[in-house]
Structure formats: C-alpha cells, structure tokens
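What follows is the content of target_2.tsv, which has TSV, C-alpha atoms:
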```tsv
chain	number	residue	atom	x	y	z
A	1	MET	CA	0.00	0.00	0.00
A	2	GLN	CA	1.17	3.48	-0.78
A	3	PRO	CA	2.27	5.43	2.26
A	4	MET	CA	0.03	8.39	2.73
A	5	SER	CA	0.19	11.18	5.26
A	6	LYS	CA	-2.66	11.41	7.73
A	7	ARG	CA	-3.49	14.84	6.47
A	8	LYS	CA	-3.76	13.77	2.87
A	9	THR	CA	-6.08	10.95	3.83
A	10	SER	CA	-8.37	13.12	5.90
A	11	SER	CA	-8.59	15.88	3.31
A	12	ASP	CA	-9.36	13.31	0.59
A	13	ARG	CA	-12.07	11.91	2.77
A	14	LEU	CA	-13.42	15.39	3.36
A	15	ALA	CA	-13.57	15.98	-0.40
A	16	GLU	CA	-15.57	12.76	-0.84
A	17	LEU	CA	-17.97	13.78	1.89
A	18	SER	CA	-18.36	17.26	0.39
A	19	ALA	CA	-19.17	15.59	-2.94
A	20	CYS	CA	-21.95	13.71	-1.14
A	21	MET	CA	-23.42	17.05	-0.10
A	22	GLU	CA	-23.51	18.10	-3.75
A	23	ARG	CA	-25.20	14.87	-4.77
A	24	ILE	CA	-27.87	15.47	-2.17
A	25	ALA	CA	-28.31	19.09	-3.23
A	26	ASN	CA	-28.48	18.31	-6.96
A	27	ASP	CA	-30.09	14.87	-7.15
A	28	SER	CA	-31.62	14.19	-3.70
A	29	ASP	CA	-29.28	11.19	-3.72
A	30	LYS	CA	-30.10	8.87	-0.82
A	31	SER	CA	-26.97	6.77	-1.15
A	32	ALA	CA	-24.94	9.95	-0.66
A	33	PHE	CA	-27.00	10.63	2.45
A	34	ALA	CA	-26.32	7.09	3.70
A	35	GLU	CA	-22.60	7.67	3.25
A	36	LEU	CA	-22.74	10.90	5.25
A	37	PHE	CA	-24.75	9.11	7.91
A	38	ASP	CA	-22.15	6.35	8.21
A	39	HIS	CA	-19.42	8.93	8.66
A	40	TYR	CA	-21.06	11.52	10.89
A	41	ALA	CA	-23.73	9.69	12.93
A	42	PRO	CA	-21.13	7.97	15.20
A	43	GLN	CA	-19.43	11.34	15.77
A	44	ILE	CA	-22.69	13.09	16.56
A	45	ARG	CA	-23.70	10.29	18.96
A	46	ALA	CA	-20.31	10.54	20.68
A	47	TYR	CA	-20.78	14.30	21.00
A	48	SER	CA	-24.19	13.81	22.62
A	49	LEU	CA	-22.95	11.03	24.91
A	50	ALA	CA	-20.11	13.28	26.08
A	51	ARG	CA	-22.72	15.49	27.66
A	52	ASP	CA	-25.28	12.84	28.61
A	53	PRO	CA	-23.43	9.58	29.20
A	54	GLY	CA	-25.69	6.58	28.80
A	55	SER	CA	-28.51	8.51	27.12
A	56	ASP	CA	-28.69	6.61	23.86
A	57	LEU	CA	-32.14	7.90	23.05
A	58	VAL	CA	-31.01	11.52	23.37
A	59	ALA	CA	-28.01	10.70	21.17
A	60	ASP	CA	-30.25	9.13	18.51
A	61	ASP	CA	-32.54	12.14	18.64
A	62	LEU	CA	-29.62	14.45	18.03
A	63	VAL	CA	-28.47	12.36	15.05
A	64	GLN	CA	-31.97	12.54	13.65
A	65	GLU	CA	-32.16	16.32	14.10
A	66	VAL	CA	-28.75	17.00	12.61
A	67	MET	CA	-29.02	14.59	9.69
A	68	THR	CA	-32.48	15.90	8.86
A	69	ARG	CA	-31.01	19.38	8.59
A	70	VAL	CA	-28.16	18.05	6.48
A	71	TRP	CA	-30.71	16.68	4.01
A	72	LEU	CA	-32.79	19.84	3.97
A	73	LYS	CA	-29.94	22.33	3.92
A	74	ALA	CA	-27.54	20.54	1.60
A	75	SER	CA	-28.28	23.03	-1.18
A	76	LYS	CA	-27.22	25.89	1.08
A	77	TYR	CA	-23.92	24.32	1.98
A	78	ASN	CA	-20.99	25.66	-0.02
A	79	SER	CA	-17.80	23.64	0.33
A	80	SER	CA	-15.67	26.50	-0.96
A	81	LEU	CA	-16.84	28.64	1.95
A	82	ALA	CA	-17.01	26.33	4.94
A	83	ASN	CA	-15.25	23.17	6.03
A	84	LEU	CA	-17.85	20.38	6.16
A	85	ASN	CA	-16.63	18.99	9.49
A	86	THR	CA	-16.98	22.44	11.03
A	87	TRP	CA	-20.39	22.94	9.45
A	88	ILE	CA	-21.58	19.64	10.95
A	89	PHE	CA	-20.18	20.63	14.33
A	90	THR	CA	-22.09	23.92	14.32
A	91	LEU	CA	-25.29	22.09	13.29
A	92	ALA	CA	-24.84	19.57	16.11
A	93	ARG	CA	-24.13	22.37	18.56
A	94	ASN	CA	-27.22	24.34	17.47
A	95	CYS	CA	-29.47	21.28	17.61
A	96	ARG	CA	-28.19	20.44	21.09
A	97	ILE	CA	-28.82	23.98	22.37
A	98	ASP	CA	-32.31	23.78	20.95
A	99	TYR	CA	-32.93	20.39	22.50
A	100	LEU	CA	-31.70	21.51	25.92
A	101	ARG	CA	-33.85	24.58	25.81
A	102	ARG	CA	-36.94	22.58	24.95
A	103	ASN	CA	-36.28	20.01	27.65
A	104	SER	CA	-34.83	22.17	30.38
A	105	ARG	CA	-36.23	22.35	33.86
A	106	TYR	CA	-35.35	26.01	33.79
A	107	ALA	CA	-37.40	27.91	31.31
A	108	THR	CA	-35.82	30.62	29.24
A	109	GLU	CA	-37.73	32.87	26.90
A	110	ILE	CA	-34.75	33.26	24.61
A	111	ASP	CA	-35.00	31.57	21.24
A	112	PRO	CA	-31.49	30.51	20.20
A	113	THR	CA	-32.36	30.15	16.51
A	114	ASP	CA	-31.44	33.66	15.46
A	115	ILE	CA	-28.50	33.87	17.82
A	116	PHE	CA	-26.53	31.21	16.00
A	117	ASN	CA	-28.25	31.04	12.65
A	118	ASP	CA	-26.27	33.65	10.76
A	119	ILE	CA	-23.00	32.07	11.61
A	120	GLU	CA	-23.67	28.64	10.26
A	121	ASP	CA	-24.18	29.90	6.72
A	122	GLU	CA	-21.41	32.42	6.61
A	123	GLY	CA	-18.03	31.44	5.32
A	124	PRO	CA	-14.67	33.09	5.65
A	125	GLY	CA	-14.37	33.72	1.88
A	126	PRO	CA	-12.60	31.48	-0.63
A	127	PHE	CA	-9.29	33.31	-0.53
A	128	GLN	CA	-8.89	32.30	3.10
A	129	LEU	CA	-9.26	28.60	2.39
A	130	ALA	CA	-5.55	27.83	2.28
A	131	GLN	CA	-5.06	29.73	5.50
A	132	GLN	CA	-8.00	27.86	7.01
A	133	ASP	CA	-6.36	24.55	6.21
A	134	ARG	CA	-3.22	25.64	8.01
A	135	VAL	CA	-5.29	26.65	11.01
A	136	GLY	CA	-7.03	23.26	10.98
A	137	GLU	CA	-3.68	21.51	10.87
A	138	SER	CA	-2.24	23.52	13.74
A	139	ILE	CA	-5.36	22.86	15.83
A	140	ARG	CA	-5.14	19.14	15.17
A	141	ALA	CA	-1.47	18.97	16.06
A	142	GLY	CA	-1.86	21.37	18.98
A	143	LEU	CA	-4.66	19.42	20.65
A	144	GLU	CA	-2.42	16.38	20.92
A	145	GLU	CA	0.21	18.36	22.75
A	146	LEU	CA	-1.96	20.30	25.18
A	147	PRO	CA	-1.27	19.69	28.87
A	148	ARG	CA	-4.01	17.52	30.36
A	149	GLU	CA	-5.30	20.28	32.61
A	150	GLN	CA	-5.99	22.44	29.56
A	151	SER	CA	-7.48	19.78	27.29
A	152	GLU	CA	-9.69	18.69	30.18
A	153	ILE	CA	-11.20	22.17	30.31
A	154	LEU	CA	-11.75	22.36	26.54
A	155	THR	CA	-13.53	19.01	26.76
A	156	LYS	CA	-15.82	20.32	29.50
A	157	VAL	CA	-16.66	23.49	27.61
A	158	TYR	CA	-16.93	22.19	24.04
A	159	LEU	CA	-18.08	18.59	24.37
A	160	GLU	CA	-19.86	18.41	27.70
A	161	GLY	CA	-21.37	21.84	27.10
A	162	LYS	CA	-20.47	23.12	30.56
A	163	SER	CA	-20.38	26.84	31.29
A	164	HIS	CA	-17.24	28.25	32.90
A	165	GLN	CA	-19.14	28.39	36.16
A	166	GLN	CA	-20.18	24.73	35.99
A	167	THR	CA	-16.66	23.72	34.99
A	168	SER	CA	-15.24	25.56	37.96
A	169	GLU	CA	-17.68	23.83	40.32
A	170	GLU	CA	-17.07	20.37	38.91
A	171	LEU	CA	-13.30	20.59	38.92
A	172	LYS	CA	-13.21	22.56	42.17
A	173	LEU	CA	-11.14	25.29	40.56
A	174	PRO	CA	-11.54	29.05	40.92
A	175	LEU	CA	-13.52	30.59	38.03
A	176	GLY	CA	-10.49	32.68	37.08
A	177	THR	CA	-8.36	29.56	36.71
A	178	VAL	CA	-10.91	27.98	34.37
A	179	LYS	CA	-10.95	31.08	32.18
A	180	SER	CA	-7.19	31.42	32.09
A	181	ARG	CA	-6.77	27.75	31.16
A	182	VAL	CA	-9.15	28.18	28.23
A	183	ARG	CA	-7.17	31.21	27.15
A	184	LEU	CA	-3.84	29.41	27.49
A	185	ALA	CA	-5.13	26.45	25.50
A	186	LEU	CA	-6.35	28.72	22.68
A	187	LYS	CA	-2.99	30.44	22.62
A	188	LYS	CA	-1.20	27.11	22.32
A	189	LEU	CA	-3.51	26.07	19.49
A	190	GLU	CA	-2.65	29.34	17.72
A	191	VAL	CA	-6.28	30.09	16.95
A	192	LEU	CA	-6.35	33.61	18.30
A	193	VAL	CA	-6.46	36.39	15.76
A	194	VAL	CA	-4.13	39.23	16.64
A	195	ARG	CA	-5.94	42.56	16.81
B	196	MET	CA	-19.66	46.88	8.21
B	197	ASP	CA	-18.85	48.97	11.22
B	198	LYS	CA	-15.86	48.14	13.29
B	199	ALA	CA	-16.20	47.75	17.01
B	200	ASN	CA	-13.19	48.41	19.22
B	201	ASN	CA	-14.20	46.55	22.35
B	202	HIS	CA	-14.60	42.83	21.98
B	203	PRO	CA	-15.75	39.87	24.06
B	204	TYR	CA	-12.69	38.30	25.62
B	205	ASP	CA	-11.43	35.17	23.90
B	206	GLU	CA	-12.67	32.61	26.42
B	207	LEU	CA	-16.15	34.14	26.24
B	208	LEU	CA	-16.15	33.85	22.46
B	209	ALA	CA	-14.94	30.25	22.84
B	210	ALA	CA	-17.87	29.48	25.16
B	211	TYR	CA	-20.18	31.00	22.55
B	212	SER	CA	-18.63	28.83	19.87
B	213	ALA	CA	-18.99	25.79	22.14
B	214	GLY	CA	-22.64	26.59	22.76
B	215	SER	CA	-22.03	26.57	26.51
B	216	LEU	CA	-22.57	30.28	27.10
B	217	PRO	CA	-25.82	31.25	28.84
B	218	LEU	CA	-28.21	32.39	26.09
B	219	SER	CA	-28.51	35.90	27.53
B	220	GLN	CA	-24.77	36.40	27.13
B	221	ALA	CA	-24.90	34.72	23.73
B	222	LEU	CA	-27.41	37.41	22.69
B	223	CYS	CA	-24.81	40.08	23.48
B	224	VAL	CA	-22.06	38.25	21.62
B	225	SER	CA	-24.35	37.77	18.63
B	226	ALA	CA	-25.28	41.47	18.58
B	227	HIS	CA	-21.57	42.35	18.74
B	228	LEU	CA	-20.71	39.93	15.91
B	229	GLU	CA	-22.97	41.84	13.53
B	230	HIS	CA	-20.64	44.78	13.90
B	231	CYS	CA	-17.35	42.95	14.14
B	232	PRO	CA	-15.77	41.07	11.22
B	233	SER	CA	-12.68	40.40	13.29
B	234	CYS	CA	-14.62	38.46	15.93
B	235	GLY	CA	-16.45	36.69	13.11
B	236	LYS	CA	-13.12	35.46	11.82
B	237	GLN	CA	-12.05	34.45	15.30
B	238	LEU	CA	-15.30	32.55	15.73
B	239	GLN	CA	-14.66	30.52	12.58
B	240	ARG	CA	-11.40	29.36	14.08
B	241	LEU	CA	-12.98	28.55	17.41
B	242	ASN	CA	-15.69	26.52	15.67
B	243	ARG	CA	-12.86	24.64	14.07
B	244	VAL	CA	-11.55	23.74	17.52
B	245	GLY	CA	-14.97	22.34	18.42
B	246	SER	CA	-15.12	20.37	15.20
B	247	GLN	CA	-11.67	18.91	15.81
B	248	LEU	CA	-12.54	17.94	19.39
B	249	MET	CA	-15.70	16.25	18.16
B	250	GLN	CA	-13.75	14.28	15.56
B	251	GLN	CA	-11.32	13.07	18.19
B	252	LEU	CA	-14.05	11.47	20.29
B	253	LYS	CA	-14.31	7.71	20.17
B	254	PRO	CA	-17.08	7.15	17.60
B	255	ALA	CA	-20.31	5.74	19.05
B	256	ARG	CA	-21.83	3.40	16.50
B	257	ALA	CA	-25.31	4.22	15.25
B	258	SER	CA	-27.81	1.44	14.64
B	259	GLU	CA	-28.95	0.34	11.16
B	260	GLN	CA	-32.45	0.82	12.46
B	261	LEU	CA	-31.84	4.53	13.02
B	262	LYS	CA	-30.29	4.86	9.60
B	263	ASN	CA	-33.18	3.10	7.87
B	264	ARG	CA	-35.74	5.09	9.78
B	265	LEU	CA	-34.07	8.30	8.64
B	266	LEU	CA	-33.72	7.13	5.04
B	267	ASP	CA	-37.42	6.24	4.99
B	268	SER	CA	-38.36	9.66	6.29
B	269	LEU	CA	-36.41	11.70	3.72
B	270	ASP	CA	-39.12	11.88	1.06
B	271	SER	CA	-41.64	13.36	3.45
B	272	LEU	CA	-39.32	15.99	4.94
B	273	THR	CA	-40.05	19.64	4.37
B	274	ASP	CA	-38.03	22.54	5.61
B	275	GLU	CA	-40.09	24.12	8.32
B	276	THR	CA	-37.66	26.95	8.84
B	277	PRO	CA	-38.08	28.98	5.68
B	278	ASP	CA	-35.66	31.83	5.11
B	279	ARG	CA	-37.22	34.21	7.48
B	280	GLU	CA	-36.89	37.64	6.07
B	281	PRO	CA	-37.62	39.83	9.04
B	282	ALA	CA	-41.08	41.13	8.33
B	283	GLY	CA	-41.10	44.81	9.05
B	284	VAL	CA	-38.33	44.86	11.64
B	285	ASP	CA	-35.90	47.73	11.27
B	286	PRO	CA	-32.88	46.08	9.59
B	287	SER	CA	-30.46	48.08	11.70
B	288	ILE	CA	-31.60	46.10	14.75
B	289	PRO	CA	-29.40	43.05	15.32
B	290	ARG	CA	-31.08	39.93	14.05
B	291	CYS	CA	-30.87	38.09	17.37
B	292	LEU	CA	-33.14	40.76	18.88
B	293	HIS	CA	-35.87	40.49	16.25
B	294	GLN	CA	-37.59	37.89	18.42
B	295	PHE	CA	-38.38	40.67	20.92
B	296	ILE	CA	-39.07	43.62	18.65
B	297	ASP	CA	-41.93	43.92	16.17
B	298	SER	CA	-40.83	46.96	14.22
B	299	ASN	CA	-38.40	49.38	15.83
B	300	TYR	CA	-37.03	50.66	19.13
B	301	ASP	CA	-39.59	53.46	19.38
B	302	ASP	CA	-42.52	51.07	19.58
B	303	LEU	CA	-41.28	49.31	22.68
B	304	ARG	CA	-42.86	49.93	26.07
B	305	TRP	CA	-40.09	52.02	27.55
B	306	LYS	CA	-40.28	52.70	31.25
B	307	ARG	CA	-38.77	55.71	32.87
B	308	VAL	CA	-35.92	54.87	35.22
B	309	SER	CA	-34.59	58.39	35.75
B	310	ALA	CA	-34.72	61.75	34.00
B	311	ASP	CA	-32.03	60.56	31.60
B	312	ILE	CA	-32.77	56.87	31.27
B	313	HIS	CA	-35.55	54.64	30.01
B	314	SER	CA	-35.47	50.90	29.97
B	315	VAL	CA	-37.47	47.97	28.65
B	316	GLU	CA	-37.08	44.40	29.82
B	317	LEU	CA	-36.92	41.96	26.91
B	318	CYS	CA	-36.78	38.69	28.80
B	319	ARG	CA	-35.12	36.62	31.51
B	320	ASP	CA	-32.62	33.86	31.04
B	321	SER	CA	-32.90	30.53	32.83
B	322	ASN	CA	-30.05	31.56	35.13
B	323	GLY	CA	-32.11	34.55	36.26
B	324	ALA	CA	-30.19	37.10	34.23
B	325	ARG	CA	-32.24	40.05	33.08
B	326	VAL	CA	-32.06	41.09	29.44
B	327	GLU	CA	-33.07	44.66	28.74
B	328	LEU	CA	-32.58	47.64	26.53
B	329	LEU	CA	-31.45	50.94	28.02
B	330	LYS	CA	-31.96	54.28	26.37
B	331	ILE	CA	-29.90	57.22	27.57
B	332	LYS	CA	-30.92	60.65	26.29
B	333	PRO	CA	-28.29	62.80	24.50
B	334	GLY	CA	-25.76	63.96	27.06
B	335	GLY	CA	-27.63	62.02	29.72
B	336	SER	CA	-25.91	60.18	32.48
B	337	ALA	CA	-26.52	56.97	34.35
B	338	THR	CA	-25.82	57.81	37.95
B	339	THR	CA	-22.74	56.21	39.41
B	340	HIS	CA	-23.51	52.60	40.07
B	341	THR	CA	-21.98	49.26	40.85
B	342	HIS	CA	-23.33	45.92	39.79
B	343	LEU	CA	-24.63	43.13	41.91
B	344	GLY	CA	-23.48	40.65	39.29
B	345	ASP	CA	-21.59	40.90	36.03
B	346	GLU	CA	-23.19	43.21	33.52
B	347	TYR	CA	-22.75	42.69	29.78
B	348	THR	CA	-23.42	45.67	27.55
B	349	VAL	CA	-23.44	46.12	23.78
B	350	ILE	CA	-24.02	49.51	22.21
B	351	LEU	CA	-26.71	49.28	19.55
B	352	GLU	CA	-27.14	52.98	18.69
B	353	GLY	CA	-25.17	56.11	19.53
B	354	SER	CA	-22.22	56.15	21.89
B	355	PHE	CA	-21.32	56.79	25.49
B	356	SER	CA	-18.26	57.39	27.59
B	357	ASP	CA	-17.30	56.48	31.11
B	358	GLU	CA	-14.19	56.68	33.27
B	359	ASP	CA	-12.44	54.13	31.06
B	360	GLY	CA	-13.10	55.50	27.59
B	361	VAL	CA	-15.53	56.15	24.77
B	362	TYR	CA	-17.69	53.37	23.34
B	363	HIS	CA	-19.41	53.21	19.98
B	364	GLN	CA	-21.90	51.08	18.10
B	365	GLY	CA	-21.08	47.38	18.41
B	366	ASP	CA	-18.72	47.79	21.36
B	367	PHE	CA	-18.96	45.02	23.93
B	368	MET	CA	-18.28	45.52	27.62
B	369	VAL	CA	-18.32	43.45	30.75
B	370	LYS	CA	-18.42	45.12	34.13
B	371	GLY	CA	-17.83	43.07	37.23
B	372	GLU	CA	-19.77	43.52	40.42
B	373	ASN	CA	-17.13	45.75	41.96
B	374	ASP	CA	-16.61	47.97	38.96
B	375	GLN	CA	-18.05	51.37	39.58
B	376	HIS	CA	-18.80	53.52	36.57
B	377	THR	CA	-20.80	56.47	35.30
B	378	PRO	CA	-21.72	56.17	31.64
B	379	VAL	CA	-22.61	59.43	29.89
B	380	ALA	CA	-24.21	59.45	26.43
B	381	THR	CA	-22.65	61.74	23.85
B	382	GLN	CA	-24.41	65.04	23.16
B	383	ASP	CA	-25.31	64.43	19.52
B	384	ARG	CA	-27.86	61.64	19.93
B	385	GLU	CA	-29.48	59.20	22.29
B	386	CYS	CA	-27.70	55.98	23.10
B	387	ILE	CA	-29.40	52.57	23.07
B	388	CYS	CA	-27.70	49.59	24.69
B	389	LEU	CA	-28.44	45.95	25.16
B	390	ALA	CA	-27.71	45.10	28.78
B	391	VAL	CA	-27.65	41.73	30.48
B	392	THR	CA	-27.39	41.71	34.24
B	393	GLU	CA	-26.72	38.50	36.04
B	394	GLY	CA	-28.82	37.86	39.08
B	395	PRO	CA	-26.83	36.14	41.77
B	396	ILE	CA	-28.40	36.18	45.20
B	397	GLN	CA	-26.50	38.84	47.07
B	398	PHE	CA	-28.28	38.81	50.39
B	399	THR	CA	-29.06	35.68	52.24
B	400	GLY	CA	-31.23	36.90	55.12
B	401	PHE	CA	-34.98	36.42	54.75
B	402	VAL	CA	-35.91	40.08	54.89
B	403	SER	CA	-33.15	41.30	52.63
B	404	ARG	CA	-33.99	38.58	50.12
B	405	LEU	CA	-37.40	40.18	49.83
B	406	LEU	CA	-35.70	43.47	49.13
B	407	ASN	CA	-33.58	42.14	46.28
B	408	PRO	CA	-36.06	42.91	43.50
B	409	PHE	CA	-36.21	46.52	44.61
B	410	ILE	CA	-32.49	46.83	44.96
B	411	ARG	CA	-31.97	45.30	41.57
B	412	ARG	CA	-34.46	47.59	39.88
B	413	GLY	CA	-32.69	50.62	41.16
B	414	TYR	CA	-29.32	49.94	39.70
B	415	ALA	CA	-29.37	52.30	36.75
```
Before anything else, please render the file you have as structure tokens.
Amino acid sequence: MQPMSKRKTSSDRLAELSACMERIANDSDKSAFAELFDHYAPQIRAYSLARDPGSDLVADDLVQEVMTRVWLKASKYNSSLANLNTWIFTLARNCRIDYLRRNSRYATEIDPTDIFNDIEDEGPGPFQLAQQDRVGESIRAGLEELPREQSEILTKVYLEGKSHQQTSEELKLPLGTVKSRVRLALKKLEVLVVR
Amino acid sequence: MDKANNHPYDELLAAYSAGSLPLSQALCVSAHLEHCPSCGKQLQRLNRVGSQLMQQLKPARASEQLKNRLLDSLDSLTDETPDREPAGVDPSIPRCLHQFIDSNYDDLRWKRVSADIHSVELCRDSNGARVELLKIKPGGSATTHTHLGDEYTVILEGSFSDEDGVYHQGDFMVKGENDQHTPVATQDRECICLAVTEGPIQFTGFVSRLLNPFIRRGYA
C-alpha cells in the first residue's frame, strides 16, 4: 500500500464527503445521504454522549435532528466557503442547544435560533481557504500536545457543554483559573487572531 | 460593516462557539458579531476547535435501524424553517433581537428609570439574568452605580463614555460587580444599549432577600 500522510487521507475523505453534499443538493441522492450518515452519525452520537453519558435515546434524537437538517440544507452548503466537518459541528451544537432549551427544567424565553443562525451559513471567503487549512492543521497537532489540565477544560466546555461556572464547580477550581486555562489552551492552538 | 473596538474576551467567544454560554450572554455576543468582522473570523477558528474535538471522540456506532428510519423519512421531509426575512423589523436592529421587537425601538414599552434613562425588559434567562434595553438621552448620564453581578453591555445605537473610555456602536463591555462607573451618552444623539445583568443572590437573610427585586431595579 502506498504510504500516505494522515493529512492527505483526511482531506481526501473530506472531499468525498463534500461531494456527497452536492449529490444530495443536486439529485436528492439517498446513497450519498447514507454515506454521510455512516461517517457523521457515530461522531454526533459521541458528542451527545459526552454530555449525557448513557442517554442513547437523546443521542439518537440528536443524530436525527442534525441529519435531517443536512438533508434539507444541503443546497445551502458551499464547500468553498465552509469546512464540512466544522459545518456539521455547528449544526450539532445548534441542535443540542435547541434540545436543551426545549427540555430544560429552567425555562428561558430566549430563542437561540437567530442567535446562532447567521454564523452557520457564513463562510470566511474562498481566498482564506488555504489559510483555514493551516489553522485546521495547527489545531489538530496542537490538541495532541496540550497539557491535560488544559485539554480537560476544553472538553468540559466544548463537548460536555459546561459553562465556565459549571466547569469551575465540577473541577473545584476558581472561576479565574478555568478562564485562564481556556485562554492558554487557545494560545497554544494558535487560533487567536491578533488585533 | 462597522468596526467595534471593544470585543468579548477570547474565552467568552470560545464558550459562545462551544454553545455553553448562557443564552442571555450569547445574545450580546451575537449582537456584537454583527458589527465585528474580526470576531467573526475568530469565531470561525474557534468553531474549528470544536469540530476537531468532536472528531477526536471515540465514535459511538449508530444502529442500522436509526439509519433506515431516517432514510425512509427523507421523502416526506419539508423545511419548516423557511428563510425568514424579518417582516417589518428595522434592519439596523441586530437579528438576534428580532424575536423581541416587532418593528423598531420606538414602539417598545419604555419605562422611565430616571430623567435621563428609560429601559425595557426583553426577557429573563434561565439563570435569572435580566435582558433589557437601556436608552440614555443625549448627554444624559446613568448615575454612578456598581453591579450586583456581572453586567454585559453592547451599544446598539449612539455612543457613550465612562471613566475608562468612549464606546461606539457594536462595542462590547463586561463590568464586574465591583466595577463602579458612570456612563454618559454623547451630546449628539441618544444611546441605546443591550444590557444583560446577572442575578446572583447577594443577600441571604430572609428580609433582605425580599428586598432584592427593589435593589436590583434601582441599579441604573
């Protein structure tokens, strides 16, 4: 077998998956949908289980919500503007926020739809694609090298959906420490835009 | 697009990207983003972090049953969220606030807080935070005040200054409970802000707990 770098493999895979989106948009192609399901459903379930361990029904619901939107919004997705993995993440995040709001013991009158909606369709512009790839690469590499205490906090915030306050209570750390660890982690991942 | 000079700090933007920010604070970030391409760019990168973290999770297999159920449902799916063009809402109002405003700021039920200030409560968050709009008349001042919890402010119209500087449309500020300040609107026009005040319980005695609503109302 030909040796292939990990990056090459994953970007080839991403191109195949993006092509599936086009097939759905142009031809309502169900086999393309099945391929996307096979790739993303296990990720989406894992994302849901990170917040609600053991809740398989909730995880299946989230898959259903997200994949339904993938089918309906495929024509709006533009692979030259947004990375498909990131697009799926933002969909999963939005669906989870919506789900939590609908099922929360604590009512809020705030509808999250318009808070996050604009962002999911907006891309960075094609000329930034190359730069975006470099950012993706540095994030991937950086995450592997983060000290445990920092990656632990990113996991709480991004995957378990914990607020800084909840994270501080769970880990018995001062709120300021939680915030500064997030900041340090982002610095290490080189994601911060200088301004 | 306008350029704001005061931004949400990075870990706040990360919490927004993660979807773990209380929705009231997310409203403020969203309103700021409409005026700030630089934070928009930052957000793209932070979303990328979330996406990467999600991909690194150990995949949790989905059942064939779920897949088949979804495949069977595809033909009958219709998009229930049509592109909602805001019907009649002033386009200069941030989109995330359209859910509270039918047409424009003038039509809201403003209540007088002081000679210089009017306010209207938009909603409450599940954590008890109060979301409201504040309107300061030209040259008007909010009397010196401290906050009982953190206060998040985004300028929607006009500008104001306080001890720390001058703030314009889109600017995002957080004041902690010990920060004392006296915002003064500029002379040329009224200033409208989105303000989110967190509602931690400050007093624990029975009687003073009863007083909290009154104390909290009088902060402006």
> Smallest atom-to-atom distance to Leu222 in chain B: which of A:Leu84, A:Ala92, A:Ala50, A:Ile115, using only C-alpha atoms?
Replying inline: A:Ile115
Using all atoms listed in the file, find each residue of chain B with at least one atom at most 7 Å away from an atom of chain A; report its shortest atom-to-atom pair and that distance in Å (one decimal), sort the rows by chain and rising residue number, and return the result as a Markdown table.
```
| residue | atom | partner | partner_atom | distance |
| --- | --- | --- | --- | --- |
| B:Asp205 | CA | A:Arg183 | CA | 6.7 |
| B:Glu206 | CA | A:Arg183 | CA | 5.7 |
| B:Ala210 | CA | A:Val157 | CA | 6.6 |
| B:Ala213 | CA | A:Tyr158 | CA | 4.6 |
| B:Gly214 | CA | A:Arg93 | CA | 6.1 |
| B:Ser215 | CA | A:Gly161 | CA | 4.8 |
| B:Leu216 | CA | A:Ser163 | CA | 5.8 |
| B:Leu218 | CA | A:Ile110 | CA | 6.8 |
| B:Ala221 | CA | A:Ile115 | CA | 7.0 |
| B:Leu222 | CA | A:Ile115 | CA | 6.1 |
| B:Ser225 | CA | A:Ile115 | CA | 5.8 |
| B:Lys236 | CA | A:Pro124 | CA | 6.8 |
| B:Gln237 | CA | A:Val193 | CA | 5.9 |
| B:Arg240 | CA | A:Val191 | CA | 5.9 |
| B:Leu241 | CA | A:Val191 | CA | 6.9 |
| B:Asn242 | CA | A:Thr86 | CA | 6.3 |
| B:Arg243 | CA | A:Thr86 | CA | 5.6 |
| B:Val244 | CA | A:Ile139 | CA | 6.5 |
| B:Gly245 | CA | A:Tyr158 | CA | 6.0 |
| B:Ser246 | CA | A:Thr86 | CA | 5.0 |
| B:Gln247 | CA | A:Arg140 | CA | 6.6 |
| B:Met249 | CA | A:Tyr47 | CA | 6.1 |
| B:Gln250 | CA | A:Gln43 | CA | 6.4 |
| B:Leu252 | CA | A:Ala46 | CA | 6.3 |
| B:Lys253 | CA | A:Ala46 | CA | 6.7 |
| B:Pro254 | CA | A:Pro42 | CA | 4.8 |
| B:Ala255 | CA | A:Pro42 | CA | 4.5 |
| B:Arg256 | CA | A:Pro42 | CA | 4.8 |
| B:Ala257 | CA | A:Pro42 | CA | 5.6 |
| B:Leu265 | CA | A:Gln64 | CA | 6.9 |
| B:Asp274 | CA | A:Leu72 | CA | 6.1 |
| B:Arg290 | CA | A:Asp114 | CA | 6.4 |
| B:Cys291 | CA | A:Asp114 | CA | 4.9 |
| B:Cys318 | CA | A:Glu109 | CA | 6.2 |
| B:Arg319 | CA | A:Thr108 | CA | 6.5 |
| B:Asp320 | CA | A:Thr108 | CA | 4.9 |
| B:Ser321 | CA | A:Thr108 | CA | 4.6 |
```
> Do you have the CA of Arg384 in chain B-CA of Leu292 in chain B distance handy?
Replying inline: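 Between CA of Arg384 in chain B and CA of Leu292 in chain B the gap works out to 21.6 Å.
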